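To be precise, the following lines are model_19.cif, and they hold mmCIF, C-alpha atoms and all ligand atoms.
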```cif
data_target
loop_
_atom_site.label_atom_id
_atom_site.label_comp_id
_atom_site.auth_asym_id
_atom_site.auth_seq_id
_atom_site.Cartn_x
_atom_site.Cartn_y
_atom_site.Cartn_z
CA MET T 1 -1.18 24.70 0.67
CA THR T 2 -1.70 25.91 4.22
CA ALA T 3 0.21 24.50 7.17
CA HIS T 4 -3.15 23.54 8.69
CA ALA T 5 -4.28 21.20 5.93
CA PRO T 6 -5.23 17.79 7.34
CA LYS T 7 -2.84 14.97 6.51
CA VAL T 8 -3.86 11.67 4.98
CA GLY T 9 -1.75 8.53 5.33
CA PHE T 10 -2.00 6.08 2.44
CA VAL T 11 -1.26 2.35 2.22
CA SER T 12 -1.53 0.96 -1.33
CA LEU T 13 -1.56 -2.83 -1.84
CA GLY T 14 -2.05 -4.99 -4.90
CA CYS T 15 -1.49 -4.75 -8.62
CA PRO T 16 -0.67 -1.75 -10.87
CA LYS T 17 -4.42 -1.25 -11.39
CA ALA T 18 -4.86 -0.72 -7.66
CA LEU T 19 -1.86 1.61 -7.73
CA VAL T 20 -3.60 3.73 -10.37
CA ASP T 21 -6.72 3.83 -8.16
CA SER T 22 -4.52 5.03 -5.29
CA GLU T 23 -3.00 7.73 -7.49
CA ARG T 24 -6.47 8.92 -8.48
CA ILE T 25 -7.68 9.05 -4.88
CA LEU T 26 -4.56 10.95 -3.84
CA THR T 27 -4.98 13.35 -6.74
CA LYS T 28 -8.54 14.10 -5.68
CA LEU T 29 -7.52 14.52 -2.06
CA ARG T 30 -4.71 16.86 -3.01
CA SER T 31 -7.07 18.83 -5.23
CA CYS T 32 -9.28 19.29 -2.16
CA GLY T 33 -6.26 20.63 -0.29
CA TYR T 34 -5.23 17.60 1.79
CA GLU T 35 -1.60 16.82 2.47
CA VAL T 36 -0.11 13.36 2.33
CA ALA T 37 1.46 12.07 5.55
CA PRO T 38 4.55 9.91 4.97
CA SER T 39 3.89 7.79 8.09
CA TYR T 40 1.07 6.84 10.46
CA ASP T 41 2.36 9.43 12.94
CA GLY T 42 0.76 12.73 12.26
CA ALA T 43 -1.80 11.37 9.77
CA ASP T 44 -5.27 12.63 10.64
CA VAL T 45 -6.75 9.66 8.81
CA VAL T 46 -5.27 6.63 7.00
CA VAL T 47 -6.67 5.15 3.77
CA VAL T 48 -5.83 1.49 3.11
CA ASN T 49 -6.35 0.45 -0.54
CA THR T 50 -6.70 -3.34 -0.37
CA CYS T 51 -6.31 -6.26 -2.76
CA GLY T 52 -8.54 -9.33 -2.57
CA PHE T 53 -7.37 -11.26 -5.61
CA ILE T 54 -5.92 -14.36 -3.94
CA ASP T 55 -5.89 -15.57 -0.37
CA SER T 56 -2.33 -14.41 0.32
CA ALA T 57 -3.20 -10.90 -0.94
CA ARG T 58 -6.30 -10.88 1.27
CA GLU T 59 -4.21 -11.84 4.27
CA GLU T 60 -1.78 -9.05 3.48
CA SER T 61 -4.72 -6.63 3.23
CA PHE T 62 -6.17 -7.75 6.58
CA ALA T 63 -2.72 -7.36 8.17
CA ALA T 64 -2.36 -3.85 6.71
CA ILE T 65 -5.77 -2.85 8.12
CA SER T 66 -4.83 -4.15 11.59
CA GLU T 67 -1.50 -2.34 11.47
CA ALA T 68 -3.14 0.93 10.46
CA MET T 69 -5.74 0.53 13.23
CA ASN T 70 -3.05 -0.17 15.84
CA GLU T 71 -0.71 2.58 14.69
CA ASN T 72 -3.25 5.28 13.94
CA GLY T 73 -6.81 4.12 14.69
CA ARG T 74 -8.58 6.40 12.17
CA VAL T 75 -8.84 4.17 9.12
CA ILE T 76 -10.84 4.08 5.88
CA VAL T 77 -10.64 0.88 3.82
CA THR T 78 -11.16 0.82 0.07
CA GLY T 79 -10.37 -1.52 -2.84
CA CYS T 80 -10.99 -5.12 -3.75
CA LEU T 81 -11.49 -6.44 -0.21
CA VAL T 82 -14.91 -4.81 -0.12
CA GLY T 83 -16.62 -8.24 -0.22
CA GLU T 84 -15.28 -8.68 3.30
CA THR T 85 -16.93 -5.55 4.72
CA GLU T 86 -18.69 -7.44 7.51
CA THR T 87 -15.53 -9.28 8.59
CA ILE T 88 -13.52 -6.05 8.56
CA LYS T 89 -16.16 -4.30 10.66
CA GLN T 90 -16.38 -7.22 13.09
CA ASP T 91 -12.60 -7.30 13.51
CA HIS T 92 -12.40 -3.52 13.83
CA PRO T 93 -15.68 -2.04 15.05
CA ASN T 94 -14.09 1.44 15.13
CA ILE T 95 -13.14 1.45 11.45
CA LEU T 96 -14.40 4.71 9.91
CA ALA T 97 -15.65 3.37 6.55
CA VAL T 98 -15.27 0.64 3.94
CA THR T 99 -15.76 1.56 0.27
CA GLY T 100 -15.39 -0.44 -2.94
CA PRO T 101 -12.85 -0.29 -5.77
CA GLN T 102 -12.94 2.82 -8.00
CA GLN T 103 -15.24 4.61 -5.57
CA TYR T 104 -12.91 7.55 -5.53
CA GLU T 105 -15.64 10.02 -4.60
CA SER T 106 -16.80 7.91 -1.65
CA VAL T 107 -13.27 7.69 -0.29
CA VAL T 108 -12.83 11.44 -0.62
CA LYS T 109 -16.20 12.04 1.11
CA GLU T 110 -15.24 9.73 3.96
CA VAL T 111 -11.90 11.49 4.35
CA GLN T 112 -13.72 14.84 4.40
CA LYS T 113 -16.02 13.50 7.12
CA ALA T 114 -13.13 12.14 9.16
CA ALA T 115 -10.84 15.14 8.74
CA PRO T 116 -12.90 18.14 7.63
CA MET T 117 -11.06 21.09 6.22
CA ALA T 118 -11.86 24.74 5.80
CA HIS T 119 -12.18 25.92 2.23
CA ASN T 120 -8.76 26.08 0.57
CA PRO T 121 -8.59 28.16 -2.60
CA HIS T 122 -5.23 26.70 -3.73
CA VAL T 123 -6.74 23.89 -5.74
CA ASP T 124 -4.62 24.53 -8.79
CA LEU T 125 -1.45 23.71 -6.90
CA VAL T 126 -2.16 20.16 -7.96
CA PRO T 127 0.18 19.19 -10.75
CA LYS T 128 -1.70 18.60 -13.99
CA GLU T 129 -0.58 14.97 -14.08
CA GLY T 130 -1.93 14.27 -10.59
CA ILE T 131 -0.11 12.80 -7.63
CA LYS T 132 1.95 9.83 -8.66
CA LEU T 133 3.20 6.94 -6.59
CA THR T 134 5.56 5.82 -9.34
CA PRO T 135 8.85 7.65 -10.06
CA ARG T 136 8.52 10.69 -12.30
CA HIS T 137 9.91 8.99 -15.41
CA TYR T 138 7.26 6.30 -15.80
CA SER T 139 3.50 6.16 -15.25
CA TYR T 140 0.71 3.66 -15.48
CA LEU T 141 -2.06 4.61 -17.88
CA LYS T 142 -5.34 2.88 -17.13
CA ILE T 143 -7.49 2.62 -20.25
CA SER T 144 -10.49 0.72 -18.94
CA GLU T 145 -12.06 -0.82 -15.88
CA GLY T 146 -13.64 -4.24 -15.46
CA CYS T 147 -13.68 -7.31 -17.65
CA ASN T 148 -16.19 -9.20 -19.80
CA HIS T 149 -14.50 -12.59 -19.35
CA LYS T 150 -15.29 -15.18 -16.75
CA CYS T 151 -12.06 -17.03 -16.08
CA LYS T 152 -12.91 -19.61 -13.48
CA PHE T 153 -10.11 -18.76 -11.07
CA CYS T 154 -10.88 -15.03 -11.06
CA ILE T 155 -13.36 -12.88 -9.15
CA ILE T 156 -12.33 -9.56 -10.68
CA PRO T 157 -15.40 -9.28 -12.97
CA SER T 158 -17.69 -9.72 -9.97
CA ILE T 159 -15.79 -7.06 -8.02
CA ARG T 160 -15.02 -4.59 -10.80
CA GLY T 161 -17.93 -5.26 -13.15
CA PRO T 162 -17.98 -5.55 -16.95
CA LEU T 163 -15.57 -3.78 -19.30
CA GLN T 164 -15.90 0.01 -19.28
CA SER T 165 -13.48 1.66 -21.69
CA ARG T 166 -12.42 5.27 -21.30
CA PRO T 167 -12.93 7.31 -24.49
CA ILE T 168 -9.74 7.36 -26.53
CA HIS T 169 -9.36 11.15 -26.56
CA LYS T 170 -9.46 11.22 -22.75
CA VAL T 171 -6.82 8.52 -22.47
CA LEU T 172 -4.59 10.31 -24.99
CA ARG T 173 -5.10 13.61 -23.18
CA GLU T 174 -4.03 12.02 -19.89
CA ALA T 175 -1.01 10.48 -21.62
CA GLU T 176 -0.07 13.85 -23.08
CA ARG T 177 -0.29 15.53 -19.66
CA LEU T 178 1.93 12.87 -18.15
CA VAL T 179 4.48 13.35 -20.93
CA GLU T 180 4.34 17.13 -20.48
CA ALA T 181 5.06 16.59 -16.78
CA GLY T 182 8.24 14.65 -17.56
CA CYS T 183 7.03 11.07 -17.90
CA GLU T 184 9.13 9.12 -20.38
CA GLU T 185 7.45 5.76 -20.26
CA LEU T 186 3.74 4.98 -20.35
CA LEU T 187 2.64 1.57 -19.10
CA VAL T 188 -0.80 0.80 -20.53
CA ILE T 189 -2.88 -1.26 -18.12
CA SER T 190 -6.41 -2.65 -17.83
CA GLN T 191 -7.87 -6.09 -17.20
CA ASP T 192 -7.98 -6.83 -20.94
CA THR T 193 -6.12 -4.28 -23.07
CA SER T 194 -6.85 -6.00 -26.38
CA ALA T 195 -10.62 -5.71 -25.73
CA TYR T 196 -10.36 -1.93 -25.35
CA GLY T 197 -13.42 -0.19 -26.82
CA LEU T 198 -15.54 -3.31 -27.36
CA ASP T 199 -18.12 -2.11 -24.81
CA VAL T 200 -18.54 1.29 -26.49
CA LYS T 201 -18.65 -0.28 -29.97
CA TYR T 202 -15.29 1.33 -30.81
CA GLN T 203 -16.83 4.78 -30.64
CA GLN T 204 -15.18 7.45 -32.80
CA GLU T 205 -13.70 10.50 -31.10
CA THR T 206 -11.67 13.42 -32.34
CA TRP T 207 -8.10 13.86 -31.21
CA LYS T 208 -6.11 16.79 -32.56
CA GLY T 209 -8.38 17.07 -35.55
CA GLN T 210 -8.04 13.41 -36.38
CA ALA T 211 -10.85 10.82 -36.11
CA LEU T 212 -9.77 7.93 -33.92
CA ALA T 213 -11.82 4.97 -32.75
CA THR T 214 -11.82 3.89 -29.11
CA ARG T 215 -9.95 0.76 -30.08
CA PHE T 216 -6.70 -0.99 -29.24
CA GLN T 217 -5.02 -0.36 -32.60
CA ASP T 218 -5.90 3.36 -32.69
CA LEU T 219 -4.78 3.76 -29.10
CA ALA T 220 -1.41 2.18 -29.89
CA GLN T 221 -1.09 4.48 -32.88
CA GLY T 222 -1.98 7.61 -30.86
CA LEU T 223 0.39 6.73 -28.02
CA GLY T 224 3.08 5.83 -30.53
CA GLU T 225 3.14 9.47 -31.65
CA MET T 226 4.07 10.80 -28.21
CA GLY T 227 7.81 10.19 -28.48
CA VAL T 228 8.11 8.21 -25.24
CA TRP T 229 8.37 4.54 -24.41
CA VAL T 230 4.95 2.88 -24.58
CA ARG T 231 4.58 -0.55 -23.00
CA LEU T 232 1.48 -2.70 -23.43
CA HIS T 233 0.31 -4.87 -20.55
CA TYR T 234 -2.50 -7.45 -20.23
CA VAL T 235 -2.93 -8.11 -23.92
CA TYR T 236 -4.57 -11.34 -25.17
CA PRO T 237 -3.29 -13.00 -28.34
CA TYR T 238 -6.25 -12.11 -30.57
CA PRO T 239 -5.68 -11.71 -34.31
CA HIS T 240 -6.12 -7.91 -34.22
CA VAL T 241 -3.04 -7.65 -31.97
CA ASP T 242 -1.09 -8.42 -35.18
CA GLU T 243 -1.78 -4.84 -36.25
CA VAL T 244 0.35 -3.26 -33.49
CA ILE T 245 3.45 -5.37 -34.19
CA PRO T 246 4.53 -3.16 -37.15
CA LEU T 247 4.39 -0.15 -34.77
CA MET T 248 6.87 -2.03 -32.61
CA ALA T 249 9.11 -2.77 -35.58
CA GLU T 250 9.04 0.97 -36.41
CA GLY T 251 10.05 1.88 -32.84
CA LYS T 252 6.79 3.69 -32.00
CA ILE T 253 5.72 1.20 -29.35
CA LEU T 254 8.16 -0.83 -27.26
CA PRO T 255 8.82 -4.33 -28.61
CA TYR T 256 7.20 -5.78 -25.51
CA LEU T 257 3.92 -7.52 -24.85
CA ASP T 258 2.68 -8.67 -21.48
CA ILE T 259 0.30 -11.53 -22.25
CA PRO T 260 -1.03 -13.47 -19.27
CA PHE T 261 -1.15 -16.87 -21.00
CA GLN T 262 -1.71 -18.75 -17.69
CA HIS T 263 -1.25 -22.13 -19.38
CA ALA T 264 -0.53 -23.78 -22.72
CA SER T 265 -2.49 -27.00 -22.61
CA PRO T 266 -5.75 -26.47 -24.57
CA SER T 267 -7.72 -28.58 -22.10
CA VAL T 268 -6.53 -26.60 -19.08
CA LEU T 269 -7.12 -23.28 -20.87
CA LYS T 270 -10.61 -24.43 -21.75
CA ALA T 271 -11.26 -25.55 -18.18
CA MET T 272 -10.05 -22.13 -17.01
CA ALA T 273 -12.42 -20.47 -19.55
CA ARG T 274 -9.57 -18.26 -20.72
CA PRO T 275 -10.04 -15.69 -23.48
CA ALA T 276 -8.42 -16.70 -26.77
CA PHE T 277 -7.95 -20.23 -25.44
CA ALA T 278 -8.20 -21.73 -28.91
CA GLU T 279 -5.63 -19.41 -30.52
CA LYS T 280 -2.54 -21.08 -31.93
CA THR T 281 -0.21 -19.05 -29.80
CA LEU T 282 3.13 -20.47 -30.95
CA GLN T 283 2.28 -19.70 -34.57
CA ARG T 284 1.17 -16.24 -33.60
CA LEU T 285 4.37 -15.58 -31.64
CA SER T 286 6.52 -16.70 -34.51
CA LYS T 287 4.59 -14.51 -36.96
CA TRP T 288 5.05 -11.51 -34.65
CA ARG T 289 8.75 -12.21 -34.29
CA SER T 290 9.16 -12.43 -38.05
CA ILE T 291 7.87 -8.83 -38.22
CA CYS T 292 9.62 -7.58 -35.07
CA PRO T 293 12.54 -9.86 -34.11
CA GLU T 294 13.25 -7.78 -30.98
CA LEU T 295 9.85 -8.56 -29.48
CA ALA T 296 9.95 -9.63 -25.81
CA VAL T 297 6.89 -11.38 -24.44
CA ARG T 298 6.35 -11.61 -20.70
CA SER T 299 3.71 -13.75 -19.13
CA THR T 300 2.28 -15.32 -16.01
CA PHE T 301 1.22 -18.92 -15.54
CA ILE T 302 -0.76 -20.97 -13.07
CA VAL T 303 0.34 -24.52 -12.29
CA GLY T 304 -1.83 -27.08 -10.52
CA PHE T 305 -5.19 -25.81 -11.83
CA PRO T 306 -7.93 -28.39 -11.02
CA GLY T 307 -7.75 -31.23 -13.52
CA GLU T 308 -4.21 -30.43 -14.74
CA THR T 309 -2.58 -33.76 -15.57
CA GLU T 310 1.13 -34.54 -15.84
CA GLU T 311 0.61 -34.54 -19.61
CA ASP T 312 -0.94 -31.04 -19.52
CA PHE T 313 1.95 -29.85 -17.42
CA GLN T 314 4.47 -31.31 -19.84
CA ILE T 315 2.72 -29.47 -22.70
CA LEU T 316 3.24 -26.27 -20.72
CA LEU T 317 6.96 -26.94 -20.19
CA ASP T 318 7.49 -27.78 -23.87
CA TRP T 319 5.53 -24.72 -24.93
CA LEU T 320 7.59 -22.48 -22.67
CA GLU T 321 10.80 -23.79 -24.19
CA GLU T 322 9.57 -23.35 -27.75
CA ALA T 323 8.03 -19.93 -27.12
CA GLU T 324 11.31 -18.72 -25.59
CA LEU T 325 9.69 -16.40 -23.08
CA ALA T 326 12.45 -14.76 -21.08
CA ARG T 327 10.22 -13.12 -18.49
CA VAL T 328 7.66 -15.24 -16.71
CA GLY T 329 5.94 -15.42 -13.36
CA CYS T 330 4.30 -18.55 -12.01
CA PHE T 331 1.70 -19.10 -9.30
CA LYS T 332 0.53 -22.30 -7.70
CA TYR T 333 -3.25 -22.51 -8.09
CA GLU T 334 -5.15 -21.38 -4.97
CA ASN T 335 -8.88 -21.34 -4.33
CA VAL T 336 -10.27 -17.82 -4.14
CA ASP T 337 -13.49 -17.18 -2.23
CA GLY T 338 -16.33 -16.89 -4.75
CA ALA T 339 -14.39 -18.26 -7.76
CA ARG T 340 -16.02 -20.94 -9.89
CA ALA T 341 -12.85 -23.03 -10.06
CA ASN T 342 -13.36 -23.98 -6.40
CA GLU T 343 -16.21 -26.27 -7.49
CA LEU T 344 -14.21 -28.11 -10.17
CA ASP T 345 -13.31 -31.78 -9.76
CA ASN T 346 -9.81 -33.19 -9.50
CA HIS T 347 -8.04 -30.57 -7.44
CA VAL T 348 -4.31 -31.16 -7.62
CA PRO T 349 -2.65 -32.17 -4.31
CA GLU T 350 -0.45 -29.48 -2.74
CA GLU T 351 2.74 -31.53 -3.04
CA VAL T 352 2.15 -32.03 -6.77
CA LYS T 353 1.56 -28.28 -7.26
CA GLU T 354 4.75 -27.57 -5.36
CA GLU T 355 6.75 -30.04 -7.42
CA ARG T 356 5.36 -28.67 -10.71
CA TRP T 357 6.06 -25.11 -9.63
CA HIS T 358 9.74 -25.98 -9.02
CA ARG T 359 9.99 -27.76 -12.38
CA PHE T 360 8.35 -24.81 -14.11
CA MET T 361 10.70 -22.31 -12.49
CA ALA T 362 13.75 -24.42 -13.37
CA LYS T 363 12.64 -24.52 -17.03
CA ALA T 364 11.83 -20.80 -17.03
CA GLN T 365 15.28 -20.05 -15.64
CA GLU T 366 16.94 -22.22 -18.27
CA VAL T 367 15.04 -20.42 -21.08
CA SER T 368 15.70 -16.99 -19.67
CA THR T 369 19.44 -17.69 -19.20
CA LYS T 370 19.66 -18.75 -22.85
CA VAL T 371 17.72 -15.75 -24.19
CA LEU T 372 19.70 -13.23 -22.10
CA ALA T 373 23.08 -14.76 -23.02
CA ARG T 374 22.33 -13.95 -26.69
CA LYS T 375 22.21 -10.27 -25.81
CA VAL T 376 25.80 -10.06 -24.56
CA GLY T 377 27.83 -7.83 -26.91
CA GLN T 378 24.79 -5.85 -28.13
CA THR T 379 24.46 -2.09 -27.66
CA ILE T 380 21.01 -1.22 -26.32
CA ASP T 381 18.95 1.69 -24.98
CA VAL T 382 18.27 1.70 -21.25
CA VAL T 383 16.56 3.96 -18.74
CA VAL T 384 17.97 4.45 -15.24
CA ASP T 385 15.54 3.65 -12.42
CA GLU T 386 17.77 3.98 -9.35
CA VAL T 387 21.27 5.01 -8.40
CA ASP T 388 23.08 3.96 -5.23
CA GLU T 389 26.68 3.94 -4.00
CA GLU T 390 27.54 0.92 -6.16
CA GLY T 391 26.19 2.25 -9.43
CA ALA T 392 23.02 2.61 -11.47
CA ILE T 393 20.18 0.14 -11.88
CA ALA T 394 18.68 0.54 -15.33
CA ARG T 395 16.13 -1.24 -17.48
CA SER T 396 16.00 -2.21 -21.12
CA GLN T 397 13.06 -1.95 -23.51
CA TRP T 398 12.41 -5.64 -22.80
CA ASP T 399 11.86 -5.07 -19.08
CA ALA T 400 8.90 -3.49 -17.31
CA PRO T 401 9.54 -1.88 -13.92
CA GLU T 402 9.00 -4.00 -10.79
CA ILE T 403 8.22 -7.25 -12.61
CA ASP T 404 11.08 -7.91 -15.05
CA GLY T 405 14.89 -7.84 -14.98
CA CYS T 406 17.49 -5.09 -14.58
CA VAL T 407 20.56 -3.84 -16.40
CA PHE T 408 23.27 -3.13 -13.82
CA LEU T 409 25.75 -0.34 -14.58
CA ASN T 410 28.34 -0.91 -11.88
CA GLY T 411 30.30 2.17 -10.79
CA GLU T 412 28.01 4.64 -12.65
CA THR T 413 27.10 6.68 -9.60
CA GLU T 414 26.82 9.99 -11.46
CA LEU T 415 23.70 9.00 -13.39
CA ALA T 416 20.20 9.97 -12.24
CA PRO T 417 16.81 8.21 -12.34
CA GLY T 418 15.13 8.88 -15.66
CA ASP T 419 18.42 9.15 -17.63
CA ARG T 420 18.24 7.38 -20.98
CA LEU T 421 21.46 6.14 -22.53
CA GLN T 422 23.03 3.56 -24.77
CA VAL T 423 25.08 0.83 -23.12
CA LYS T 424 26.99 -2.25 -24.21
CA ILE T 425 26.00 -5.51 -22.56
CA THR T 426 28.96 -7.31 -21.07
CA HIS T 427 27.46 -10.08 -19.00
CA SER T 428 24.20 -11.88 -18.26
CA ASP T 429 22.81 -14.34 -15.72
CA GLU T 430 19.44 -16.04 -15.48
CA TYR T 431 17.41 -12.85 -14.94
CA ASP T 432 19.56 -9.73 -15.33
CA LEU T 433 22.11 -8.04 -17.57
CA TRP T 434 25.30 -6.08 -16.80
CA ALA T 435 26.55 -3.34 -19.11
CA GLN T 436 29.02 -0.50 -19.60
CA LEU T 437 28.65 2.93 -21.17
S1 LIG D 1 -9.46 -11.88 -18.28
FE1 LIG D 1 -9.95 -13.49 -16.80
S2 LIG D 1 -8.30 -13.32 -15.26
FE2 LIG D 1 -8.32 -11.41 -16.38
S3 LIG D 1 -9.69 -10.09 -15.16
FE3 LIG D 1 -10.92 -11.03 -16.78
S4 LIG D 1 -11.82 -12.82 -15.77
FE4 LIG D 1 -10.08 -12.16 -14.51
#
```

Before anything else, please render the file you have as structure tokens.
Amino acid sequence: MTAHAPKVGFVSLGCPKALVDSERILTKLRSCGYEVAPSYDGADVVVVNTCGFIDSAREESFAAISEAMNENGRVIVTGCLVGETETIKQDHPNILAVTGPQQYESVVKEVQKAAPMAHNPHVDLVPKEGIKLTPRHYSYLKISEGCNHKCKFCIIPSIRGPLQSRPIHKVLREAERLVEAGCEELLVISQDTSAYGLDVKYQQETWKGQALATRFQDLAQGLGEMGVWVRLHYVYPYPHVDEVIPLMAEGKILPYLDIPFQHASPSVLKAMARPAFAEKTLQRLSKWRSICPELAVRSTFIVGFPGETEEDFQILLDWLEEAELARVGCFKYENVDGARANELDNHVPEEVKEERWHRFMAKAQEVSTKVLARKVGQTIDVVVDEVDEEGAIARSQWDAPEIDGCVFLNGETELAPGDRLQVKITHSDEYDLWAQL
């Protein structure tokens, strides 16, 4: 790379899916010879990848755009806030361009316009796995874009379009490259991982001489052969998910499922128009646990959805206790511009949402404390994410990075990120574990 290559600053907001988009844009920019500027100073142009999912995320995105304009002034906006193009342009008439989510080529073209570069022949300096924003030992693997559902609180299908699955051999090839580059944990993401391949009618492809369908089960099987941790996110509790649980019991796939249940009351789930709303989830969980007792299920919930009664909310609390989910997130319902839920009757007053949120979190904490306390005394595998002067911060198979808990190894300052080891759990609290070698 020449010393004269233009530098691009990058601000990435939002969910892991947006992070993958950012990684792809950066990879393309690097392959064109651009350098990445670590700060606004010295960046020839700044790309802000925005999130427009809920109002607070939109506010954060608007604030990031203003900051980039003030600090640098040469700004390209991309991502989910594209519906707000006019507002962004009104607020910042000098903005260079606004492009939509997954428009990687448009972002690259706009960067080339803003900071043109002479031909650079060193394109193959780009690492095969691309430029990653995550640490080297784990990577997000995006298997599809878009979503065929129409949950009433969500505008993602209108922004990202219907489900478009990547062919299975391409996903497995990307996974293999990441593993070859040192990645030890693949985090499978999409809007609806269990629906993978539905749009392409589960098309058959060939991978290493073997016929595999572009389908959730075959993907899990293919990834399970790679010898690294494989973690499945955004899975819905459809019957065919049963087929991957034996792979978890065999240790091929991590005993972990991220299932965004959002609620447990059938009437609220129906009002939300959630996928798999009629599934008997407690029965399904108990069947899965009978095959793979180690299984950890993490989830997110929304309290205060329009029409949610005290009885619905109580169903949710009871369900949470019975399901024994140790890792949960909870949001208070918010209107999102363009979402159908805005038009529903019986919006829940703010103070009731607030009160339910606190009750939910108290119950979640109680459940998680109980589940984690059972692990004390066990010897488990962990991976180290960070090391500081007090010791190492690791993670178990039951914990995804950023969203779940940690395993603290106090005093272990000689370890390094990416180290895998066996530790004995000595202590637990409501969210985290402590262990010794
Ligand atoms: S499944 Fe529902 S919440 Fe998830 S992206 Fe699709 S419409 Fe949105």

Within 8 Å of ligand LIG 1 (chain D): each chain T residue with its shortest pair, all atoms listed in the file, as a tab-separated table:
```
residue	atom	partner	partner_atom	distance
T:Gly146	CA	D:LIG1	S3	7.1
T:Cys147	CA	D:LIG1	FE3	4.7
T:Asn148	CA	D:LIG1	FE3	6.3
T:His149	CA	D:LIG1	S4	4.5
T:Lys150	CA	D:LIG1	S4	4.3
T:Cys151	CA	D:LIG1	FE1	4.2
T:Lys152	CA	D:LIG1	S4	7.2
T:Phe153	CA	D:LIG1	S2	7.1
T:Cys154	CA	D:LIG1	FE4	4.6
T:Ile155	CA	D:LIG1	FE4	6.3
T:Ile156	CA	D:LIG1	FE4	5.1
T:Pro157	CA	D:LIG1	S4	5.8
T:Gln191	CA	D:LIG1	S3	4.8
T:Asp192	CA	D:LIG1	S1	5.9
T:Ala273	CA	D:LIG1	FE1	7.9
T:Arg274	CA	D:LIG1	FE1	6.2
T:Pro275	CA	D:LIG1	S1	6.5
```

Here is a test: counting only C-alpha atoms, which residue of T:Glu402, T:Glu412, T:Glu84, T:Asp44 is nearest to Asp388 of chain T?
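Residue with the minimum atom-to-atom distance to Asp388 of chain T: T:Glu412.
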
Compile the contact shell of segment 376-387 of chain T as a list in words: residues with an atom at most 8 Å away, counting all atoms listed in the file, same-chain residues fewer than 5 positions apart removed.
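The contact residues come out as Ala392, Ile393, Ala394, Arg395, Ser396, Gln397, Val407, Glu412, Thr413, Leu415, Ala416, Pro417, Gly418, Asp419, Arg420, Leu421, Gln422, Val423, Lys424, Ile425, Thr426, His427 and Ser428 of chain T.
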
How about saving the chosen residues, C-alpha atoms kept, as a PDB file, in the frame of the given file?
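The new file again-v4.pdb reads:
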```
ATOM      1  CA  ALA T 392      23.020   2.610 -11.470  1.00  0.00           C
ATOM      2  CA  ILE T 393      20.180   0.140 -11.880  1.00  0.00           C
ATOM      3  CA  ALA T 394      18.680   0.540 -15.330  1.00  0.00           C
ATOM      4  CA  ARG T 395      16.130  -1.240 -17.480  1.00  0.00           C
ATOM      5  CA  SER T 396      16.000  -2.210 -21.120  1.00  0.00           C
ATOM      6  CA  GLN T 397      13.060  -1.950 -23.510  1.00  0.00           C
ATOM      7  CA  VAL T 407      20.560  -3.840 -16.400  1.00  0.00           C
ATOM      8  CA  GLU T 412      28.010   4.640 -12.650  1.00  0.00           C
ATOM      9  CA  THR T 413      27.100   6.680  -9.600  1.00  0.00           C
ATOM     10  CA  LEU T 415      23.700   9.000 -13.390  1.00  0.00           C
ATOM     11  CA  ALA T 416      20.200   9.970 -12.240  1.00  0.00           C
ATOM     12  CA  PRO T 417      16.810   8.210 -12.340  1.00  0.00           C
ATOM     13  CA  GLY T 418      15.130   8.880 -15.660  1.00  0.00           C
ATOM     14  CA  ASP T 419      18.420   9.150 -17.630  1.00  0.00           C
ATOM     15  CA  ARG T 420      18.240   7.380 -20.980  1.00  0.00           C
ATOM     16  CA  LEU T 421      21.460   6.140 -22.530  1.00  0.00           C
ATOM     17  CA  GLN T 422      23.030   3.560 -24.770  1.00  0.00           C
ATOM     18  CA  VAL T 423      25.080   0.830 -23.120  1.00  0.00           C
ATOM     19  CA  LYS T 424      26.990  -2.250 -24.210  1.00  0.00           C
ATOM     20  CA  ILE T 425      26.000  -5.510 -22.560  1.00  0.00           C
ATOM     21  CA  THR T 426      28.960  -7.310 -21.070  1.00  0.00           C
ATOM     22  CA  HIS T 427      27.460 -10.080 -19.000  1.00  0.00           C
ATOM     23  CA  SER T 428      24.200 -11.880 -18.260  1.00  0.00           C
TER      24      SER T 428
END
```

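Minimum atom-to-atom distance to Glu145 of chain T, evaluated using all atoms listed in the file, belongs to T:Ala18 out of T:Val8, T:Ile291, T:Ala18, T:Ile253.
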
One decimal, Å: what's the distance from atom CA of Val111 of chain T over to atom CA of Val45 of chain T, could you say?
7.1 Å

Using atom CA of Lys270 of chain T and atom CA of Asp199 of chain T as the two end points, give the distance in Å to one decimal.
23.7 Å

Which residues, written as a PyMOL selection string, have at least one atom at most 10 Å from His240 of chain T, with all atoms listed in the file counted and residues fewer than 5 positions away on the same chain left out?
chain T and resi 194-195+216-217+245

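The gap separating atom CA of Ser158 of chain T from atom CA of Thr78 of chain T is 16.0 Å, in Å to one decimal.
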
As number ranges by chain, please: the residues near Met248 of chain T (cut-off 8 Å, all atoms listed in the file, same-chain neighbours under 5 positions excluded).
T: 253-255, 292, 295

May I have the protein, DNA and RNA residues with any atom at most 7 Å from the point (10.6, 6.8, -19.5), counting all atoms listed in the file, written as a compact mmCIF listing (two decimals) with C-alpha atoms, keeping the file's coordinate frame?
```txt
# COMPACT_ATOMS: atom_id res chain seq x y z
CA HIS T 137 9.91 8.99 -15.41
CA TYR T 138 7.26 6.30 -15.80
CA CYS T 183 7.03 11.07 -17.90
CA GLU T 184 9.13 9.12 -20.38
CA GLU T 185 7.45 5.76 -20.26
CA VAL T 228 8.11 8.21 -25.24
CA TRP T 229 8.37 4.54 -24.41
CA VAL T 383 16.56 3.96 -18.74
CA GLY T 418 15.13 8.88 -15.66
```
